[in-house]
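**Q** Input target_29.txt, format and content: compact mmCIF, C-alpha atoms.
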# COMPACT_ATOMS: atom_id res chain seq x y z
CA MET A 1 -62.53 245.16 -50.27
CA PHE A 2 -59.44 245.77 -48.09
CA THR A 3 -58.56 248.87 -50.13
CA ASP A 4 -62.05 250.37 -49.93
CA LEU A 5 -62.18 253.38 -47.59
CA ALA A 6 -65.91 252.96 -47.00
CA PHE A 7 -65.34 249.36 -45.93
CA TRP A 8 -62.70 250.40 -43.40
CA LEU A 9 -64.84 253.18 -41.98
CA CYS A 10 -67.75 250.75 -41.50
CA TRP A 11 -65.48 248.04 -40.12
CA ALA A 12 -63.83 250.47 -37.68
CA ALA A 13 -67.19 251.78 -36.45
CA GLY A 14 -68.59 248.26 -36.08
CA SER A 15 -65.45 247.02 -34.33
CA CYS A 16 -65.58 249.87 -31.83
CA ALA A 17 -69.22 249.09 -31.06
CA ILE A 18 -68.45 245.38 -30.62
CA ARG A 19 -65.46 246.17 -28.41
CA GLY A 20 -67.71 248.31 -26.22
CA LEU A 21 -69.79 245.32 -25.16
CA SER A 22 -69.37 243.90 -21.68
CA ALA A 23 -66.70 241.28 -21.00
CA GLY A 24 -69.14 238.37 -20.77
CA ALA A 25 -71.18 239.25 -23.84
CA VAL A 26 -69.65 236.56 -26.05
CA ARG A 27 -72.83 235.79 -27.96
CA ALA A 28 -73.56 239.49 -28.45
CA ARG A 29 -70.09 239.96 -29.95
CA ALA A 30 -70.70 236.98 -32.22
CA PHE A 31 -74.02 238.49 -33.32
CA GLY A 32 -72.29 241.79 -33.94
CA LEU A 33 -69.48 240.34 -36.05
CA ALA A 34 -71.85 238.18 -38.08
CA GLY A 35 -74.19 241.10 -38.64
CA LEU A 36 -71.32 243.36 -39.66
CA VAL A 37 -70.22 240.83 -42.26
CA LEU A 38 -73.74 240.45 -43.64
CA VAL A 39 -74.13 244.21 -43.95
CA LEU A 40 -70.76 244.78 -45.60
CA ARG A 41 -70.38 241.82 -47.95
CA LEU A 42 -73.38 239.49 -47.91
CA PRO A 43 -76.65 241.16 -48.97
CA ALA A 44 -79.38 238.57 -48.42
CA ALA A 45 -80.72 238.97 -51.96
CA HIS A 46 -77.37 237.89 -53.39
CA ALA A 47 -76.32 235.22 -50.92
CA ALA A 48 -79.45 233.74 -49.37
CA VAL A 49 -78.52 230.18 -50.35
CA LEU A 50 -75.03 230.40 -48.91
CA ILE A 51 -76.26 232.03 -45.71
CA ALA A 52 -78.82 229.26 -45.30
CA VAL A 53 -76.18 226.58 -45.86
CA LEU A 54 -73.80 228.16 -43.36
CA GLY A 55 -76.64 228.46 -40.86
CA TRP A 56 -77.39 224.75 -41.34
CA VAL A 57 -73.75 223.86 -40.75
CA ALA A 58 -73.51 226.03 -37.63
CA PHE A 59 -76.73 224.54 -36.19
CA SER A 60 -75.89 220.93 -37.18
CA VAL A 61 -72.44 221.13 -35.61
CA GLY A 62 -74.10 222.10 -32.34
CA ARG A 63 -76.10 218.87 -32.38
CA LEU A 64 -73.07 216.60 -32.77
CA LYS A 65 -72.18 214.52 -29.72
CA ALA A 66 -68.71 213.19 -29.01
CA GLU A 67 -70.00 210.08 -27.24
CA ALA A 68 -72.17 209.05 -30.21
CA GLY A 69 -69.21 207.51 -32.07
CA HIS A 70 -68.23 207.69 -35.75
CA PRO A 71 -66.96 211.30 -35.60
CA ILE A 72 -66.02 211.40 -39.29
CA ARG A 73 -69.49 210.27 -40.34
CA GLN A 74 -71.15 212.82 -38.03
CA ALA A 75 -68.95 215.64 -39.33
CA ALA A 76 -69.60 214.64 -42.94
CA ILE A 77 -73.38 214.79 -42.43
CA ALA A 78 -73.12 218.22 -40.80
CA VAL A 79 -71.08 219.75 -43.62
CA ALA A 80 -72.69 217.82 -46.51
CA PRO A 81 -74.69 220.82 -47.88
CA MET A 82 -71.61 223.02 -47.76
CA LEU A 83 -69.56 220.34 -49.48
CA ALA A 84 -72.20 219.90 -52.19
CA LEU A 85 -72.33 223.65 -52.82
CA TRP A 86 -68.54 223.81 -53.06
CA ILE A 87 -68.28 220.89 -55.51
CA GLY A 88 -71.11 222.28 -57.62
CA ALA A 89 -69.46 225.70 -57.72
CA LYS A 90 -66.19 224.15 -58.86
CA HIS A 91 -67.62 222.09 -61.69
CA ASN A 92 -70.89 223.62 -62.84
CA GLY A 93 -70.72 227.33 -62.14
CA LEU A 94 -73.28 226.79 -59.39
CA ALA A 95 -71.99 229.68 -57.31
CA SER A 96 -72.71 232.16 -60.09
CA SER A 97 -76.14 230.73 -60.89
CA LEU A 98 -77.15 230.89 -57.22
CA ARG A 99 -75.86 234.47 -56.93
CA VAL A 100 -73.53 233.63 -54.05
CA LEU A 101 -70.46 234.90 -55.87
CA PRO A 102 -69.79 237.90 -53.57
CA LEU A 103 -68.48 235.43 -51.01
CA ALA A 104 -67.95 232.24 -52.98
CA ALA A 105 -65.58 233.50 -55.66
CA ALA A 106 -62.55 233.34 -53.42
CA GLY A 107 -63.74 232.05 -50.09
CA LEU A 108 -65.91 228.99 -50.71
CA SER A 109 -62.95 226.61 -50.44
CA TYR A 110 -61.89 228.23 -47.17
CA LEU A 111 -65.42 227.89 -45.82
CA VAL A 112 -65.40 224.16 -46.55
CA VAL A 113 -62.20 223.75 -44.55
CA LYS A 114 -63.50 225.85 -41.66
CA ALA A 115 -66.79 223.93 -41.61
CA TRP A 116 -64.99 220.59 -41.62
CA THR A 117 -62.53 221.51 -38.85
CA VAL A 118 -65.22 222.82 -36.49
CA ALA A 119 -67.42 219.79 -37.19
CA ARG A 120 -64.56 217.40 -36.48
CA ASP A 121 -63.61 219.30 -33.33
CA ARG A 122 -67.19 219.09 -32.10
CA ALA A 123 -67.62 215.40 -33.00
CA ASP A 124 -64.26 214.53 -31.40
CA GLY A 125 -65.13 216.39 -28.19
CA ARG A 126 -62.64 219.24 -28.63
CA ALA A 127 -65.34 221.95 -28.84
CA GLN A 128 -67.40 221.22 -25.73
CA GLY A 129 -68.74 224.76 -25.27
CA TYR A 130 -69.73 225.23 -28.90
CA ASP A 131 -72.47 227.80 -29.57
CA PRO A 132 -74.21 227.83 -33.01
CA VAL A 133 -74.28 231.63 -33.02
CA THR A 134 -70.53 231.78 -32.43
CA GLY A 135 -70.10 229.01 -34.98
CA PHE A 136 -71.94 231.00 -37.63
CA ALA A 137 -69.89 234.10 -36.85
CA TYR A 138 -66.75 231.98 -37.11
CA LEU A 139 -67.72 230.66 -40.53
CA VAL A 140 -68.48 234.07 -42.04
CA PHE A 141 -65.79 236.04 -40.19
CA LEU A 142 -64.84 238.50 -42.91
CA PRO A 143 -61.05 238.90 -42.67
CA THR A 144 -60.20 235.22 -42.96
CA TYR A 145 -62.60 233.66 -45.45
CA LEU A 146 -61.14 235.24 -48.59
CA SER A 147 -57.46 234.30 -48.46
CA GLY A 148 -56.70 233.01 -44.99
CA PRO A 149 -55.24 232.70 -42.44
CA MET A 150 -57.33 229.74 -41.33
CA HIS A 151 -57.81 229.98 -37.59
CA TYR A 152 -59.58 227.27 -35.63
CA TYR A 153 -62.95 227.69 -33.96
CA GLY A 154 -61.30 227.62 -30.53
CA GLU A 155 -58.99 230.48 -31.49
CA PHE A 156 -61.91 232.54 -32.77
CA GLU A 157 -64.01 231.85 -29.67
CA ALA A 158 -61.07 232.85 -27.45
CA GLY A 159 -60.94 236.16 -29.30
CA LEU A 160 -64.60 236.75 -28.48
CA ARG A 161 -64.15 235.85 -24.82
CA GLN A 162 -61.01 237.93 -24.39
CA PRO A 163 -60.73 240.45 -27.22
CA LEU A 164 -57.24 241.64 -28.04
CA PRO A 165 -56.49 245.05 -26.53
CA LEU A 166 -56.32 248.07 -28.79
CA ARG A 167 -53.94 250.39 -27.02
CA ALA A 168 -51.92 253.00 -28.89
CA GLN A 169 -49.12 250.58 -29.76
CA ASP A 170 -51.65 247.96 -30.85
CA ALA A 171 -53.38 250.46 -33.13
CA VAL A 172 -50.00 251.36 -34.62
CA HIS A 173 -49.32 247.67 -35.26
CA VAL A 174 -52.69 247.27 -37.00
CA VAL A 175 -52.00 250.25 -39.24
CA TYR A 176 -48.45 249.01 -39.92
CA ARG A 177 -49.65 245.52 -40.94
CA PHE A 178 -52.29 247.07 -43.15
CA LEU A 179 -49.79 249.35 -44.90
CA VAL A 180 -47.29 246.51 -45.38
CA GLY A 181 -49.99 244.33 -46.90
CA LEU A 182 -51.15 247.16 -49.11
CA LEU A 183 -47.59 247.79 -50.31
CA LYS A 184 -47.15 244.13 -51.23
CA VAL A 185 -50.48 243.70 -53.01
CA GLN A 186 -50.95 247.06 -54.68
CA VAL A 187 -47.36 248.09 -55.50
CA LEU A 188 -44.86 245.24 -55.53
CA VAL A 189 -47.05 242.53 -57.08
CA PRO A 190 -48.08 244.62 -60.13
CA LEU A 191 -44.48 245.77 -60.51
CA LEU A 192 -43.00 242.25 -60.59
CA THR A 193 -45.80 240.34 -62.30
CA PRO A 194 -44.71 241.14 -65.91
CA LEU A 195 -41.25 239.71 -65.13
CA SER A 196 -42.69 236.45 -63.79
CA LEU A 197 -44.24 233.42 -65.45
CA LEU A 198 -47.41 235.42 -65.93
CA GLY A 199 -45.52 237.56 -68.42
CA LEU A 200 -44.52 234.47 -70.41
CA THR A 201 -47.95 233.02 -71.07
CA GLY A 202 -48.81 232.77 -74.73
CA GLY A 203 -48.42 230.62 -77.78
CA ASP A 204 -44.62 230.55 -77.93
CA VAL A 205 -42.57 228.07 -75.94
CA ALA A 206 -40.30 229.91 -73.52
CA PRO A 207 -36.60 228.94 -73.42
CA PRO A 208 -35.30 227.25 -70.23
CA ALA A 209 -33.47 230.35 -68.96
CA GLN A 210 -36.65 232.42 -69.14
CA LEU A 211 -38.65 229.68 -67.47
CA ILE A 212 -36.23 229.47 -64.55
CA THR A 213 -36.00 233.23 -64.16
CA GLY A 214 -39.75 233.65 -64.52
CA SER A 215 -40.34 230.88 -61.97
CA LEU A 216 -38.08 232.52 -59.40
CA VAL A 217 -39.77 235.89 -59.87
CA TYR A 218 -43.17 234.20 -59.74
CA SER A 219 -42.19 232.75 -56.37
CA VAL A 220 -41.67 236.28 -55.12
CA VAL A 221 -44.94 237.46 -56.68
CA LEU A 222 -46.97 234.67 -55.08
CA TYR A 223 -45.35 235.21 -51.71
CA LEU A 224 -46.00 238.95 -51.82
CA ASP A 225 -49.60 238.42 -52.96
CA PHE A 226 -50.54 235.70 -50.45
CA SER A 227 -48.63 237.16 -47.51
CA GLY A 228 -49.90 240.64 -48.36
CA TYR A 229 -53.52 239.56 -48.17
CA SER A 230 -52.70 237.70 -44.95
CA ASP A 231 -51.27 240.94 -43.54
CA LEU A 232 -54.48 242.75 -44.46
CA ALA A 233 -56.60 239.97 -42.95
CA ILE A 234 -54.58 239.91 -39.71
CA ALA A 235 -54.85 243.71 -39.39
CA THR A 236 -58.60 243.63 -40.03
CA ALA A 237 -59.15 240.83 -37.52
CA ARG A 238 -57.06 242.54 -34.83
CA ALA A 239 -59.08 245.73 -35.29
CA ALA A 240 -62.14 243.71 -34.22
CA GLY A 241 -60.26 242.16 -31.31
CA VAL A 242 -59.86 238.70 -32.84
CA GLY A 243 -56.38 237.28 -33.36
CA ALA A 244 -55.49 235.48 -36.59
CA PRO A 245 -52.42 233.23 -36.84
CA GLU A 246 -49.37 234.16 -38.86
CA ASN A 247 -49.49 232.53 -42.27
CA PHE A 248 -45.96 232.89 -43.69
CA LEU A 249 -42.72 232.45 -41.75
CA ARG A 250 -39.96 233.25 -44.26
CA PRO A 251 -40.72 230.17 -46.36
CA TYR A 252 -38.04 230.81 -48.97
CA LEU A 253 -35.35 230.52 -46.32
CA ALA A 254 -36.35 226.91 -45.62
CA PRO A 255 -33.43 224.46 -45.94
CA ASN A 256 -35.64 221.60 -47.21
CA ILE A 257 -39.10 220.97 -48.62
CA ARG A 258 -40.53 219.72 -45.32
CA GLU A 259 -39.47 222.90 -43.57
CA PHE A 260 -40.90 224.92 -46.47
CA TRP A 261 -44.36 223.48 -45.82
CA ARG A 262 -44.02 224.37 -42.14
CA ARG A 263 -43.52 227.98 -43.17
CA TRP A 264 -45.74 228.38 -46.28
CA HIS A 265 -49.46 229.02 -45.73
CA VAL A 266 -48.90 227.83 -42.17
CA SER A 267 -52.56 227.80 -41.14
CA PHE A 268 -53.57 225.63 -44.11
CA SER A 269 -50.58 223.33 -43.69
CA ARG A 270 -51.47 222.62 -40.07
CA VAL A 271 -55.06 221.83 -41.10
CA LEU A 272 -53.80 219.40 -43.74
CA MET A 273 -51.52 217.75 -41.20
CA ALA A 274 -54.04 217.48 -38.34
CA TYR A 275 -57.26 216.74 -40.23
CA LEU A 276 -56.08 214.81 -43.28
CA PHE A 277 -52.50 213.50 -43.21
CA VAL A 278 -52.58 212.14 -39.65
CA PRO A 279 -56.02 210.44 -39.95
CA VAL A 280 -55.07 208.92 -43.34
CA THR A 281 -51.74 207.52 -42.14
CA ARG A 282 -53.28 206.16 -38.93
CA ALA A 283 -56.04 204.46 -40.91
CA LEU A 284 -53.48 202.91 -43.25
CA GLN A 285 -51.39 201.71 -40.33
CA ARG A 286 -54.42 199.97 -38.81
CA ARG A 287 -55.87 198.43 -41.95
CA ALA A 288 -53.04 198.00 -44.46
CA THR A 289 -49.92 195.88 -44.46
CA LEU A 290 -47.76 198.62 -45.94
CA PRO A 291 -44.35 199.34 -44.38
CA HIS A 292 -43.87 202.64 -42.59
CA ARG A 293 -42.33 204.27 -45.65
CA GLY A 294 -45.25 203.14 -47.80
CA VAL A 295 -47.76 204.53 -45.30
CA MET A 296 -46.01 207.92 -45.25
CA ALA A 297 -45.80 208.02 -49.04
CA ALA A 298 -49.49 207.15 -49.41
CA GLY A 299 -50.36 209.79 -46.82
CA TYR A 300 -48.46 212.46 -48.73
CA LEU A 301 -50.02 211.51 -52.06
CA VAL A 302 -53.58 211.46 -50.69
CA THR A 303 -53.15 214.68 -48.72
CA PHE A 304 -51.53 216.68 -51.49
CA GLY A 305 -53.77 215.21 -54.17
CA LEU A 306 -56.87 216.39 -52.31
CA ALA A 307 -55.18 219.73 -51.59
CA GLY A 308 -54.62 220.15 -55.32
CA TYR A 309 -58.32 219.54 -55.98
CA TRP A 310 -59.13 222.00 -53.19
CA HIS A 311 -57.15 224.69 -55.03
CA GLY A 312 -58.82 223.91 -58.35
CA PRO A 313 -60.37 220.92 -60.18
CA THR A 314 -57.79 220.92 -62.96
CA TRP A 315 -54.84 218.67 -63.69
CA ARG A 316 -52.41 221.58 -63.20
CA PHE A 317 -53.31 222.10 -59.55
CA VAL A 318 -53.36 218.39 -58.79
CA VAL A 319 -50.01 217.77 -60.52
CA TRP A 320 -48.51 220.76 -58.73
CA GLU A 321 -49.48 219.35 -55.35
CA LEU A 322 -48.34 215.82 -56.28
CA TYR A 323 -45.02 217.32 -57.36
CA HIS A 324 -44.58 218.57 -53.80
CA ALA A 325 -45.76 215.23 -52.39
CA CYS A 326 -43.04 213.47 -54.39
CA GLY A 327 -40.51 216.00 -53.11
CA LEU A 328 -41.53 215.27 -49.52
CA ILE A 329 -41.36 211.52 -50.12
CA ALA A 330 -37.88 211.82 -51.64
CA TYR A 331 -36.70 214.05 -48.81
CA ASP A 332 -38.01 211.65 -46.14
CA LEU A 333 -36.31 208.70 -47.82
CA PHE A 334 -33.05 210.65 -48.02
CA ARG A 335 -33.30 211.73 -44.39
CA GLN A 336 -34.05 208.20 -43.18
CA ARG A 337 -31.13 206.77 -45.16
CA ARG A 338 -28.82 209.44 -43.80
CA LEU A 339 -30.02 208.72 -40.26
CA SER A 340 -29.45 204.98 -40.73
CA THR A 341 -25.94 205.62 -42.05
CA ARG A 342 -25.14 207.89 -39.14
CA LEU A 343 -26.41 205.40 -36.55
CA ALA A 344 -24.50 202.58 -38.21
CA SER A 345 -21.31 204.61 -37.99
CA GLY A 346 -21.91 205.45 -34.32
CA GLN A 347 -22.60 209.17 -34.76
CA ALA A 348 -24.97 210.50 -32.14
CA ALA A 349 -26.02 213.60 -34.04
CA ALA A 350 -25.82 215.03 -37.52
CA PRO A 351 -22.84 217.32 -38.13
CA GLY A 352 -23.73 220.97 -38.52
CA ALA A 353 -23.91 222.23 -42.07
CA SER A 354 -21.26 224.70 -43.21
CA GLY A 355 -22.27 228.16 -44.33
CA VAL A 356 -21.89 227.25 -47.99
CA MET A 357 -23.88 224.03 -47.59
CA ALA A 358 -26.64 225.84 -45.72
CA VAL A 359 -26.93 228.38 -48.53
CA LEU A 360 -27.00 225.60 -51.13
CA ARG A 361 -29.80 223.82 -49.27
CA VAL A 362 -31.90 226.97 -49.16
CA ALA A 363 -31.17 227.69 -52.82
CA GLY A 364 -32.01 224.13 -53.83
CA THR A 365 -35.32 224.22 -51.94
CA LEU A 366 -36.20 227.58 -53.49
CA LEU A 367 -35.41 226.28 -56.98
CA PHE A 368 -37.50 223.14 -56.43
CA VAL A 369 -40.46 225.18 -55.21
CA SER A 370 -40.09 227.75 -57.99
CA LEU A 371 -40.03 225.16 -60.76
CA GLY A 372 -43.21 223.72 -59.30
CA TRP A 373 -45.04 226.93 -60.15
CA LEU A 374 -44.74 225.93 -63.83
CA PHE A 375 -47.70 223.62 -63.23
CA PHE A 376 -49.56 226.35 -61.39
CA VAL A 377 -49.78 228.93 -64.18
CA PRO A 378 -52.73 228.35 -66.56
CA GLY A 379 -52.04 228.82 -70.25
CA LEU A 380 -48.27 228.41 -70.09
CA ARG A 381 -46.81 226.09 -72.72
CA LEU A 382 -43.97 223.99 -71.30
CA TRP A 383 -43.23 222.01 -74.46
What does the file become when written as structure tokens?
**A**
Amino acid sequence: MFTDLAFWLCWAAGSCAIRGLSAGAVRARAFGLAGLVLVLRLPAAHAAVLIAVLGWVAFSVGRLKAEAGHPIRQAAIAVAPMLALWIGAKHNGLASSLRVLPLAAAGLSYLVVKAWTVARDRADGRAQGYDPVTGFAYLVFLPTYLSGPMHYYGEFEAGLRQPLPLRAQDAVHVVYRFLVGLLKVQVLVPLLTPLSLLGLTGGDVAPPAQLITGSLVYSVVLYLDFSGYSDLAIATARAAGVGAPENFLRPYLAPNIREFWRRWHVSFSRVLMAYLFVPVTRALQRRATLPHRGVMAAGYLVTFGLAGYWHGPTWRFVVWELYHACGLIAYDLFRQRRLSTRLASGQAAAPGASGVMAVLRVAGTLLFVSLGWLFFVPGLRLW
């Protein structure tokens, strides 16, 4: 899609027309963006069921009331058809049988997250001025439903109310982001993929040295692939005047696993934190007798376990996410013990890490993350 010249010509023409609307024509811009998406990627004959479900979600979210109570229950009812479609597509090939694959193949999981966040925001009173037309345009907004970034409804609505300018320097930035993304996805990823874990799949068991090397290269491949598509999505969104958040902030320079998840797939990580981890830990604190460490550990396990299922309903994805949950639990325990030791000794602050130690921390985090990809690659024999 992003490499199709016809798509870009249509998107550029549509974006210019939408940008030409008056400043207060928020709903008209929403209509225009939604219509542009339907014309380019969602022919009604192929995606009527999905369009109907998304329309139901957009309309139902508009009927939610913050003062009615039980926001989670309200949000669940609003997104129930979308959730059912997503689960069916994961387990029974429902997306293919319903001919919704043009959108669902890569973006159905993202749509579930977007539907849930806007429903929760509306039920919690954070989306007071919600408009179902804008909500529908938000759900189907083309650049961000395939591979992220995941912006919130409020961010999307702000882009409709005050579109980003497209001066000469802004146009250059859009083109630059597009070319960088294209270089990553079309040149560097195919070049490095044979040297990664994907080149080791087969019947033979790979020796440890190859596994480690392949894992490290696979880390680079995944970063280039995910961040490259995010670059393309950000460029496409900016062309239409809608900002999309940055999704990768040099994650492989993170000094620990917690910092890694603040930098990797940033938009998804913040959704997990705000809409899953925080509610789960607060509920456990109110209803369980677990100590603080137990609550945090349970929160990590639930959050990352569900995130693994979100990626794919297989044991590999779930184990991969639980691997990271265990890493976060271990890091938190280590950090708390170190803090207790420092306070007991009267130190007010942690001593700064030396250059060598800082490099070792980054290298250790990178190695931990890279070895985790062993669970992520289907078909690879580990033993």
**Q** Identify, on the basis of all atoms listed in the file, every residue whose closest approach to A:Ser227 does not exceed 7 Å; exclude the query and any residue fewer than 4 positions from it along the same chain; express the result as a ChimeraX atom specification.
**A** /A:223,231,248
**Q** Which is closer to A:Tyr218 than all the others in A:Trp11, A:Gly62, A:Trp373, A:Phe334, using all atoms listed in the file?
**A**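 The closest residue to A:Tyr218 is A:Trp373.
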**Q** Would you please work out which residue, of A:Trp8, A:Ala25, A:Ala48, A:Arg250, is nearest to A:Glu157 when using all atoms listed in the file?
**A**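 Nearest candidate to A:Glu157 out of A:Trp8, A:Ala25, A:Ala48, A:Arg250: A:Ala25.
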**Q** Fewer than 4 positions away in the same chain doesn't count, so skip those; otherwise give me all residues within 10 Å of stretch 287-296 of chain A, counting all atoms listed in the file, as number ranges by chain.
**A** A: 277-278, 280-283, 300-302, 328-329, 332-333, 336
**Q** Could you state the separation of atom CA of A:Leu371 and atom CA of A:Ser215 in Å, given to one decimal place?
**A**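 Between atom CA of A:Leu371 and atom CA of A:Ser215 the gap is 5.9 Å.
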**Q** Closest to A:Arg126 among A:Ala325, A:Ala23, A:Leu64, A:Leu191, using only C-alpha atoms?
**A**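 Answer, going by the shortest atom-to-atom distance: A:Leu64.
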**Q** Quick one: everything within 8 Å of A:Val53, counting only C-alpha atoms, minus sequence neighbours fewer than 4 positions away in the same chain. Send it as a PyMOL selection string.
**A** chain A and resi 49+57+81-82
**Q** Interatomic distance between atom CA of A:Ala84 and atom CA of A:Arg63?
**A**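 Between atom CA of A:Ala84 and atom CA of A:Arg63 the gap is 20.2 Å.
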**Q** Can you tell me how far atom CA of A:Ser60 sits from atom CA of A:Leu21, in Å to one decimal?
**A**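 Interatomic distance, atom CA of A:Ser60 to atom CA of A:Leu21: 27.9 Å.
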**Q** Measuring atom to atom with all atoms listed in the file, identify which of A:Pro313, A:Gly88, A:Gly69, A:Pro163 is nearest to A:Gly24.
**A**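 That would be A:Pro163, the residue with the smallest distance to A:Gly24.
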